[in-house]
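The next block is upload-v7.txt, given as compact mmCIF, C-alpha atoms.
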```txt
# COMPACT_ATOMS: atom_id res chain seq x y z
CA MET H 81 19.23 1.80 -0.74
CA TYR H 82 15.96 2.63 1.04
CA GLY H 83 17.33 2.44 4.57
CA PHE H 84 15.60 -0.71 5.83
CA LYS H 85 17.42 -3.56 7.54
CA ARG H 86 17.53 -7.00 6.02
CA PRO H 87 14.59 -9.08 7.36
CA THR H 88 16.88 -11.70 8.88
CA GLN H 89 14.27 -12.68 11.48
CA TRP H 90 12.13 -14.06 8.62
CA VAL H 91 14.67 -15.21 6.02
CA LYS H 92 18.14 -16.68 6.43
CA THR H 93 20.95 -14.23 5.68
CA SER H 94 22.42 -16.60 3.10
CA LYS H 95 19.14 -16.68 1.19
CA LEU H 96 18.85 -12.89 1.34
CA ILE H 97 22.36 -12.45 -0.05
CA GLU H 98 21.73 -15.04 -2.77
CA PHE H 99 18.53 -13.25 -3.84
CA GLU H 100 20.20 -9.80 -3.77
CA GLN H 101 22.95 -11.03 -6.09
CA ARG H 102 20.45 -12.61 -8.45
CA TYR H 103 18.23 -9.52 -8.37
CA LYS H 104 21.10 -7.27 -9.47
CA LEU H 105 21.04 -9.05 -12.83
CA ILE H 106 17.27 -8.52 -13.04
CA GLN H 107 17.72 -4.82 -12.24
CA GLU H 108 20.32 -4.50 -15.01
CA LYS H 109 17.77 -5.94 -17.45
CA GLN H 110 15.16 -3.49 -16.14
CA THR H 111 17.48 -0.56 -16.82
CA LYS H 112 18.26 -1.71 -20.38
CA SER H 113 14.57 -2.30 -21.12
CA TRP H 114 13.48 1.12 -19.89
CA ASN H 115 16.35 2.86 -21.69
CA LYS H 116 15.20 1.17 -24.89
CA LEU H 117 11.56 2.05 -24.22
CA LEU H 118 12.38 5.75 -23.85
CA ALA H 119 14.77 5.73 -26.83
CA ASN H 120 11.93 4.39 -28.99
CA ASN H 121 9.67 7.22 -27.76
CA ASP H 122 12.04 10.18 -28.24
CA GLN H 123 12.78 10.18 -24.49
CA GLN H 124 9.11 10.87 -23.75
CA TRP H 125 6.87 8.79 -21.51
CA PRO H 126 4.68 6.63 -23.78
CA ASP H 127 0.92 6.43 -23.37
CA PHE H 128 -0.24 3.52 -21.27
CA CYS H 129 -0.39 0.38 -23.42
CA PRO H 130 0.11 -3.41 -23.05
CA GLN H 131 3.84 -3.07 -23.72
CA LEU H 132 4.26 -0.48 -20.96
CA SER H 133 2.20 -2.68 -18.62
CA ARG H 134 4.62 -5.58 -19.24
CA TYR H 135 7.61 -3.35 -18.50
CA VAL H 136 6.03 -2.09 -15.27
CA ARG H 137 5.17 -5.59 -14.07
CA LYS H 138 8.82 -6.53 -14.56
CA GLY H 139 9.89 -3.59 -12.39
CA ILE H 140 10.83 0.06 -12.77
CA PRO H 141 14.53 0.93 -12.31
CA HIS H 142 15.27 2.86 -9.12
CA VAL H 143 16.64 5.88 -11.03
CA ARG H 144 13.38 6.23 -13.00
CA ARG H 145 10.87 5.20 -10.33
CA ALA H 146 10.12 8.70 -8.96
CA LYS H 147 9.38 10.21 -12.37
CA VAL H 148 7.38 7.19 -13.57
CA TRP H 149 5.22 7.18 -10.44
CA MET H 150 4.63 10.92 -10.60
CA HIS H 151 3.80 10.95 -14.31
CA TYR H 152 1.47 7.97 -14.64
CA SER H 153 -0.32 8.50 -11.33
CA GLY H 154 -1.28 12.03 -12.31
CA ALA H 155 0.50 13.54 -9.28
CA SER H 156 2.98 15.38 -11.50
CA LYS H 157 0.10 17.13 -13.28
CA LYS H 158 -1.42 18.15 -9.94
CA LEU H 159 1.91 19.59 -8.81
CA GLN H 160 2.36 21.55 -12.05
CA GLU H 161 -1.19 22.90 -11.96
CA ASN H 162 -0.87 24.01 -8.34
CA PRO H 163 2.44 25.87 -7.99
CA ASP H 164 3.13 27.07 -4.44
CA ARG H 165 -0.05 25.44 -3.14
CA TYR H 166 1.90 23.03 -0.97
CA SER H 167 3.71 25.97 0.66
CA LEU H 168 0.35 27.63 1.25
CA PHE H 169 -1.20 24.55 2.88
CA LEU H 170 1.92 24.15 5.01
CA GLU H 171 1.84 27.80 6.10
CA LEU H 172 -1.82 27.52 7.05
CA ALA H 173 -1.13 24.34 8.99
CA GLU H 174 1.86 25.70 10.89
CA ASN H 175 0.03 28.93 11.78
CA ASP H 176 -3.03 27.08 13.04
CA THR H 177 -2.42 26.60 16.75
CA ASN H 178 -5.76 24.76 17.01
CA ASN H 179 -5.02 22.06 14.43
CA GLU H 180 -6.73 19.09 16.07
CA TYR H 181 -4.51 16.60 14.22
CA ALA H 182 -1.11 18.06 15.12
CA ASP H 183 -0.72 16.10 18.36
CA ALA H 184 -1.67 12.79 16.74
CA ILE H 185 0.77 13.44 13.90
CA ASP H 186 3.59 14.31 16.30
CA LYS H 187 2.98 11.16 18.35
CA ASP H 188 3.24 8.94 15.26
CA LEU H 189 6.38 10.49 13.76
CA HIS H 190 9.00 8.44 15.61
CA ARG H 191 6.84 5.30 15.31
CA THR H 192 6.69 5.40 11.52
CA PHE H 193 9.91 3.60 10.54
CA PRO H 194 12.00 3.44 13.74
CA ASP H 195 14.41 0.86 12.26
CA ASN H 196 14.95 2.73 9.00
CA SER H 197 18.29 4.55 8.83
CA TYR H 198 16.67 7.63 7.27
CA PHE H 199 13.97 7.89 9.96
CA ALA H 200 15.88 6.79 13.04
CA CYS H 201 15.75 9.48 15.72
CA ASP H 202 17.05 7.71 18.82
CA VAL H 203 19.87 9.77 20.32
CA GLN H 204 22.35 8.35 22.83
CA GLN H 205 22.44 10.35 26.06
CA THR H 206 25.54 10.94 28.24
CA ASP H 207 24.18 8.57 30.88
CA GLY H 208 23.96 5.76 28.31
CA SER H 209 20.20 5.96 27.89
CA THR H 210 18.44 6.57 24.57
CA ARG H 211 15.95 9.32 23.86
CA MET H 212 13.72 9.88 20.83
CA GLU H 213 14.36 13.27 19.23
CA PRO H 214 12.25 13.43 16.06
CA GLU H 215 12.98 17.15 15.69
CA SER H 216 16.60 16.26 14.93
CA ASN H 217 15.77 14.06 11.92
CA VAL H 218 15.37 15.66 8.47
CA LYS H 219 13.09 12.96 7.04
CA ILE H 220 10.84 12.98 10.09
CA GLN H 221 10.43 16.73 9.84
CA GLN H 222 9.58 16.39 6.14
CA LEU H 223 7.01 13.77 7.10
CA ARG H 224 5.53 16.09 9.73
CA ARG H 225 5.17 18.93 7.23
CA VAL H 226 3.56 16.70 4.58
CA LEU H 227 1.02 15.30 7.05
CA LEU H 228 0.18 18.73 8.49
CA ALA H 229 -0.30 20.18 5.00
CA PHE H 230 -2.49 17.23 4.05
CA SER H 231 -4.68 17.78 7.12
CA VAL H 232 -5.41 21.30 5.83
CA HIS H 233 -5.86 20.19 2.22
CA SER H 234 -8.28 17.41 3.22
CA PRO H 235 -10.09 18.54 6.40
CA ASP H 236 -12.74 15.83 5.95
CA ILE H 237 -9.96 13.32 6.62
CA GLY H 238 -7.41 15.33 8.57
CA TYR H 239 -5.13 12.56 9.72
CA CYS H 240 -5.35 8.87 10.49
CA GLN H 241 -2.78 6.18 11.11
CA SER H 242 -1.51 4.63 7.89
CA LEU H 243 -1.14 8.05 6.24
CA ASN H 244 2.17 8.38 8.10
CA PHE H 245 3.38 5.11 6.57
CA LEU H 246 2.24 6.06 3.07
CA ALA H 247 3.88 9.49 3.25
CA GLY H 248 7.02 8.15 4.94
CA PHE H 249 7.50 5.47 2.30
CA LEU H 250 6.96 8.01 -0.48
CA LEU H 251 9.65 10.24 1.04
CA LEU H 252 12.17 7.46 0.44
CA VAL H 253 11.53 7.85 -3.31
CA LEU H 254 10.19 11.38 -3.86
CA ASN H 255 10.99 14.86 -2.59
CA GLU H 256 8.78 16.59 -0.03
CA GLU H 257 6.43 18.46 -2.36
CA GLU H 258 6.11 15.45 -4.67
CA THR H 259 5.25 13.30 -1.66
CA PHE H 260 2.44 15.67 -0.66
CA TRP H 261 0.81 15.59 -4.10
CA MET H 262 1.29 11.85 -4.40
CA LEU H 263 -0.41 11.34 -1.03
CA VAL H 264 -3.30 13.51 -2.23
CA THR H 265 -3.45 11.45 -5.43
CA ILE H 266 -3.45 8.10 -3.60
CA VAL H 267 -6.18 9.10 -1.16
CA HIS H 268 -8.44 11.02 -3.55
CA GLY H 269 -7.54 9.56 -6.93
CA PHE H 270 -6.96 5.85 -6.40
CA PHE H 271 -8.96 4.81 -3.35
CA PRO H 272 -12.75 5.01 -3.00
CA GLN H 273 -14.31 7.74 -0.87
CA SER H 274 -14.33 7.41 2.92
CA MET H 275 -11.33 5.08 2.94
CA PHE H 276 -9.38 7.18 5.43
CA ASP H 277 -11.99 9.35 7.15
CA ALA H 278 -13.44 8.75 10.61
CA THR H 279 -16.22 6.49 9.29
CA MET H 280 -13.81 4.29 7.28
CA GLU H 281 -16.86 3.15 5.30
CA GLY H 282 -14.75 2.87 2.17
CA ALA H 283 -12.30 0.56 3.93
CA HIS H 284 -15.21 -1.61 5.14
CA ILE H 285 -16.60 -1.86 1.59
CA GLU H 286 -13.18 -2.88 0.23
CA GLN H 287 -12.91 -5.66 2.79
CA THR H 288 -16.44 -6.83 2.05
CA VAL H 289 -15.51 -7.06 -1.64
CA LEU H 290 -12.31 -8.95 -0.78
CA MET H 291 -14.15 -11.41 1.48
CA MET H 292 -16.76 -12.06 -1.21
CA MET H 293 -13.92 -12.90 -3.61
CA VAL H 294 -12.44 -15.29 -1.05
CA TYR H 295 -15.90 -16.86 -0.60
CA GLU H 296 -16.28 -17.31 -4.37
CA LYS H 297 -12.72 -18.23 -5.34
CA MET H 298 -11.43 -20.09 -2.27
CA PRO H 299 -14.40 -21.67 -0.46
CA GLY H 300 -12.04 -23.81 1.61
CA VAL H 301 -10.28 -20.72 2.96
CA TRP H 302 -13.63 -19.04 3.64
CA ALA H 303 -14.81 -22.13 5.55
CA LYS H 304 -11.78 -21.69 7.80
CA ILE H 305 -11.97 -17.91 8.37
CA GLY H 306 -15.73 -17.36 8.13
CA SER H 307 -16.65 -18.47 11.67
CA LYS H 308 -18.87 -21.23 10.21
CA LYS H 309 -21.18 -18.64 8.65
CA CYS H 310 -22.22 -18.00 5.07
CA PHE H 311 -20.67 -14.89 3.54
CA TRP H 312 -24.07 -13.31 2.99
CA GLU H 313 -25.00 -13.80 6.63
CA CYS H 314 -21.79 -12.01 7.65
CA GLU H 315 -22.41 -9.21 5.18
CA GLN H 316 -26.05 -8.75 6.18
CA ASN H 317 -25.12 -8.55 9.87
CA GLN H 318 -22.03 -6.44 9.07
CA GLU H 319 -19.85 -8.95 10.89
CA LEU H 320 -16.90 -9.66 8.64
CA PRO H 321 -14.36 -12.33 9.71
CA PRO H 322 -11.74 -11.20 12.26
CA ILE H 323 -9.03 -11.68 9.62
CA THR H 324 -10.24 -8.44 7.96
CA LEU H 325 -8.58 -6.53 10.80
CA LEU H 326 -5.37 -7.71 9.16
CA THR H 327 -6.31 -7.54 5.48
CA SER H 328 -7.73 -4.04 5.94
CA HIS H 329 -4.29 -2.97 7.12
CA TRP H 330 -2.83 -4.51 3.94
CA PHE H 331 -4.95 -2.16 1.83
CA LEU H 332 -4.64 0.98 3.97
CA THR H 333 -0.83 0.80 3.96
CA LEU H 334 -0.43 -0.64 0.44
CA PHE H 335 1.41 -3.58 2.07
CA ILE H 336 4.05 -1.47 3.87
CA ASN H 337 5.51 -3.48 6.79
CA ILE H 338 3.58 -6.49 5.48
CA LEU H 339 5.76 -7.54 2.56
CA PRO H 340 9.53 -7.06 2.08
CA VAL H 341 10.53 -3.59 0.86
CA GLU H 342 11.44 -4.46 -2.72
CA THR H 343 8.23 -6.47 -3.08
CA VAL H 344 6.23 -3.45 -1.86
CA LEU H 345 8.02 -1.21 -4.37
CA ARG H 346 7.20 -3.58 -7.22
CA ILE H 347 3.52 -3.59 -6.18
CA TRP H 348 3.52 0.21 -6.02
CA ASP H 349 5.00 0.29 -9.55
CA CYS H 350 1.90 -1.54 -10.77
CA PHE H 351 -0.47 0.42 -8.51
CA PHE H 352 0.62 3.77 -9.95
CA VAL H 353 0.90 2.63 -13.56
CA GLY H 354 -2.25 1.06 -14.88
CA GLU H 355 -3.42 -1.29 -12.14
CA GLY H 356 -4.67 0.93 -9.32
CA CYS H 357 -6.56 -0.80 -6.50
CA LYS H 358 -6.99 -3.92 -8.64
CA VAL H 359 -3.41 -4.94 -7.87
CA LEU H 360 -4.14 -4.81 -4.12
CA TYR H 361 -6.88 -7.40 -4.58
CA LYS H 362 -4.66 -9.52 -6.81
CA VAL H 363 -1.83 -9.46 -4.26
CA ALA H 364 -4.11 -10.16 -1.28
CA LEU H 365 -5.81 -13.09 -3.04
CA THR H 366 -2.44 -14.47 -4.17
CA ILE H 367 -1.07 -14.35 -0.59
CA LEU H 368 -4.14 -16.26 0.61
CA LYS H 369 -3.84 -18.77 -2.24
CA LEU H 370 -0.13 -19.39 -1.58
CA ASN H 371 -0.99 -20.11 2.05
CA GLU H 372 -4.20 -22.03 1.36
CA GLN H 373 -2.93 -25.35 2.70
CA ARG H 374 -1.46 -23.73 5.80
CA ILE H 375 -4.78 -21.96 6.46
CA TRP H 376 -6.63 -25.28 6.20
CA ASN H 377 -4.21 -26.79 8.69
CA ALA H 378 -4.42 -23.87 11.16
CA GLN H 379 -5.76 -24.76 14.58
CA ASP H 380 -7.99 -21.72 15.02
CA SER H 381 -8.51 -18.07 13.98
CA VAL H 382 -5.59 -16.94 16.14
CA ASP H 383 -3.31 -19.40 14.37
CA THR H 384 -4.58 -18.18 10.97
CA PHE H 385 -4.06 -14.56 12.02
CA GLN H 386 -0.44 -15.20 13.01
CA LEU H 387 0.15 -17.19 9.83
CA LEU H 388 -1.02 -14.33 7.62
CA GLN H 389 0.96 -11.83 9.66
CA ASN H 390 4.21 -13.74 9.28
CA MET H 391 4.22 -15.59 5.95
CA PRO H 392 4.09 -12.47 3.70
CA LYS H 393 7.30 -11.19 5.32
CA ARG H 394 9.12 -14.15 3.77
CA LEU H 395 8.17 -13.24 0.17
CA ILE H 396 11.54 -11.64 -0.62
CA ASP H 397 11.69 -12.84 -4.22
CA CYS H 398 9.65 -9.93 -5.57
CA ASP H 399 10.25 -10.94 -9.18
CA GLN H 400 8.88 -14.45 -8.69
CA PHE H 401 5.99 -13.18 -6.56
CA LEU H 402 4.89 -10.61 -9.18
CA LYS H 403 5.08 -13.28 -11.89
CA CYS H 404 2.78 -15.38 -9.72
CA VAL H 405 0.37 -12.48 -9.12
CA PHE H 406 -0.04 -11.82 -12.85
CA SER H 407 0.22 -15.39 -14.10
CA PRO H 408 -2.75 -16.53 -16.24
CA GLU H 409 -2.62 -19.75 -14.23
CA ASN H 410 -3.28 -17.86 -10.98
CA ASP H 411 -7.05 -18.25 -11.28
CA VAL H 412 -7.89 -16.49 -7.99
CA ALA H 413 -6.30 -13.25 -9.22
CA GLN H 414 -8.16 -13.11 -12.53
CA LEU H 415 -10.37 -10.05 -12.00
CA SER H 416 -11.15 -6.76 -13.66
CA ASP H 417 -11.90 -3.21 -12.54
CA GLU H 418 -15.50 -3.88 -13.55
CA ASP H 419 -15.64 -6.88 -11.18
CA ILE H 420 -14.46 -4.71 -8.29
CA ASP H 421 -16.67 -1.72 -9.12
CA SER H 422 -19.82 -3.83 -9.48
CA LYS H 423 -19.23 -5.45 -6.09
CA ARG H 424 -18.53 -2.08 -4.48
CA ALA H 425 -21.80 -0.73 -5.91
CA LEU H 426 -23.70 -3.80 -4.70
CA PHE H 427 -22.51 -3.48 -1.11
CA LYS H 428 -23.02 0.30 -1.03
CA SER H 429 -26.58 -0.26 -2.23
CA ARG H 430 -27.22 -2.98 0.34
CA LYS H 431 -25.92 -0.76 3.12
CA ILE H 432 -28.16 2.13 2.05
CA GLN H 433 -31.14 -0.23 1.95
CA ARG H 434 -30.38 -1.55 5.45
CA ASN H 435 -30.22 2.01 6.77
CA LEU H 436 -33.57 2.83 5.15
CA ASN H 437 -35.13 -0.30 6.61
CA ARG H 438 -33.95 0.70 10.09
CA LYS H 439 -35.59 4.13 9.74
CA ASP H 440 -38.86 2.49 8.71
```
Show the structure stored in the file as structure tokens.
Amino acid sequence: MYGFKRPTQWVKTSKLIEFEQRYKLIQEKQTKSWNKLLANNDQQWPDFCPQLSRYVRKGIPHVRRAKVWMHYSGASKKLQENPDRYSLFLELAENDTNNEYADAIDKDLHRTFPDNSYFACDVQQTDGSTRMEPESNVKIQQLRRVLLAFSVHSPDIGYCQSLNFLAGFLLLVLNEEETFWMLVTIVHGFFPQSMFDATMEGAHIEQTVLMMMVYEKMPGVWAKIGSKKCFWECEQNQELPPITLLTSHWFLTLFINILPVETVLRIWDCFFVGEGCKVLYKVALTILKLNEQRIWNAQDSVDTFQLLQNMPKRLIDCDQFLKCVFSPENDVAQLSDEDIDSKRALFKSRKIQRNLNRKD
């Protein structure tokens, strides 16, 4: 449906087929549940409430996903309040021959989802060789326009890798203009400041918060990944464990190319409807918890790195995984927005104080 190949290098084909057949029944239940939900609300989207949260955690039907994401994220409101603004940003971008981000965007286009049928741009030549021709692919050109327009809309960010994956994935669900406003909403509405700019200070803060949670909730895992240092020593010296190179990518891409496609979609359902960044922490901590024993048994940091690169790709049963993420028994994922915000504020404050101390 979304153009990605089955991940047969990670899961046996027989198991993939068995899950797909079982998931069809789950999707039929999703459709009936959402039809009933809308029927009980005069075909209007209900206000966010515990009942809606339960429906979202059980999955949004494909045919309703675009509208649900747009409505509850606030992107639909942005689009309605800014008619023709996307066209204006795009015109400004395409007429700016000095756009410093254009080359970087163009270089990343064919690298975004090369194995996806909607983004494939390899063209067979008469001599039998293959050449990349991104200009021949409709989706890739939509992606280019969205990223160029975003670079004009948000000049403090411009463009960085991971935005191409976010926008590309959105284009598999939304139309071009919707994708632009959703990208704006993700970057400026959901994530903290400086997550995607050149400093990436926001991304560093998020990883510091995540590592503190690992330190508090899974001390055995921290002992393995923390280079035999206390968390506070790492934080004070701004030397987070090497594994944050990986977990930072989890957050910046919202788990694209980390988890199987349907699992990513189910996480995005929750991200856009009620959960926000909190679900990213819940998912990351759950992945670590599920692999806790393997991490303990890892030979070294390289072994741990490879483990956490590969094991998430095997989590094809999105329904079971989401149940695990939100299970009351999953103690490591019991956290609130207040927990996250207080930790963010703490580490921002500590960083400011360190900078002041250096000046003194």
Discussion item. I need the residue nearest Phe351 of chain H from this list: H:Ala303, H:Met150, H:Leu105, H:Ile185. Use only C-alpha atoms for the distance.
Written reply: H:Met150
Practice prompt. Calculate how many Å separate atom CA of Glu418 of chain H from atom CA of Met293 of chain H, rounding to one decimal.
Written response: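 Interatomic distance here is 13.5 Å.
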Item to complete: Mind checking which residues fall within 12 Å of Pro126 of chain H, counting only C-alpha atoms, ignoring those fewer than 2 positions away in the same chain, and posting them as a ChimeraX atom specification?
Response: /H:114,116-124,128-133,135,148,151-152,353
Fill in: For Pro163 of chain H, the nearest of the candidates H:Pro299, H:Trp261, H:Arg346, H:Phe270, counting all atoms listed in the file
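Under the stated criterion, the closest residue is H:Trp261.
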Discussion item. Quick one: residues within 10 Å of segment 359-372 of chain H, all atoms listed in the file, excluding same-chain residues fewer than 2 positions away - as a VMD selection string?
Written reply: chain H and resid 286 to 287 289 to 291 293 to 294 297 to 298 300 to 301 304 327 330 to 332 334 to 335 347 to 348 350 to 352 354 to 357 374 to 378 384 387 to 388 391 to 392 395 401 to 402 404 to 406 410 to 417 420
Worksheet item: Can you list, as an NGL selection string, every protein, DNA or RNA residue that comes within 10 Å of Ala247 of chain H when you count all atoms listed in the file, leaving out same-chain residues fewer than 5 positions away?
Response: :H and (192 or 222-224 or 226-227 or 242 or 252 or 254 or 256 or 259-260 or 262-264 or 333)
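Between atom CA of Ser216 of chain H and atom CA of Tyr166 of chain H the interatomic distance comes to 22.7 Å.
One finds atom CA of Asn244 of chain H at 23.8 Å from atom CA of Ile396 of chain H.
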Practice prompt. Using all atoms listed in the file, pick whichever of H:Thr343, H:Tyr82, H:His284, H:Val91 has the shortest atom-to-atom distance to Glu319 of chain H.
Written response: H:His284
Worksheet item: If we count all atoms listed in the file, what is near Gln110 of chain H at a cut-off of 7 Å, once residues fewer than 2 positions away on the same chain are taken out, given as a list in words?
Response: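 Listing them by chain and then by number gives Ile106, Gln107, Glu108, Lys112, Ser113, Trp114, Gly139, Ile140 and Pro141 of chain H.
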Worksheet item: Neighbours of Tyr239 of chain H within 10 Å (all atoms listed in the file; same-chain residues fewer than 4 positions away dropped), as a list in words?
Response: Glu180, Tyr181, Ala182, Ala184, Ile185, Leu227, Leu228, Phe230, Ser231, Val232, Ser234, Pro235, Leu243, Asn244, Phe276, Asp277 and Ala278 of chain H
Practice prompt. Step by step: start from the point (-21.6, -7.2, -4.3) in the file's coordinates, keep every protein, DNA or RNA residue that has an atom no farther than 12 Å from it, count only C-alpha atoms, and write the set as a list in words.
Written response: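 Output of the proximity query reads Ile285, Glu286, Gln287, Thr288, Val289, Leu290, Met291, Met292, Met293, Tyr295, Glu296, Phe311, Trp312, Glu315, Gln316, Glu418, Asp419, Ile420, Asp421, Ser422, Lys423, Arg424, Ala425, Leu426, Phe427, Lys428, Ser429, Arg430 and Lys431 of chain H.
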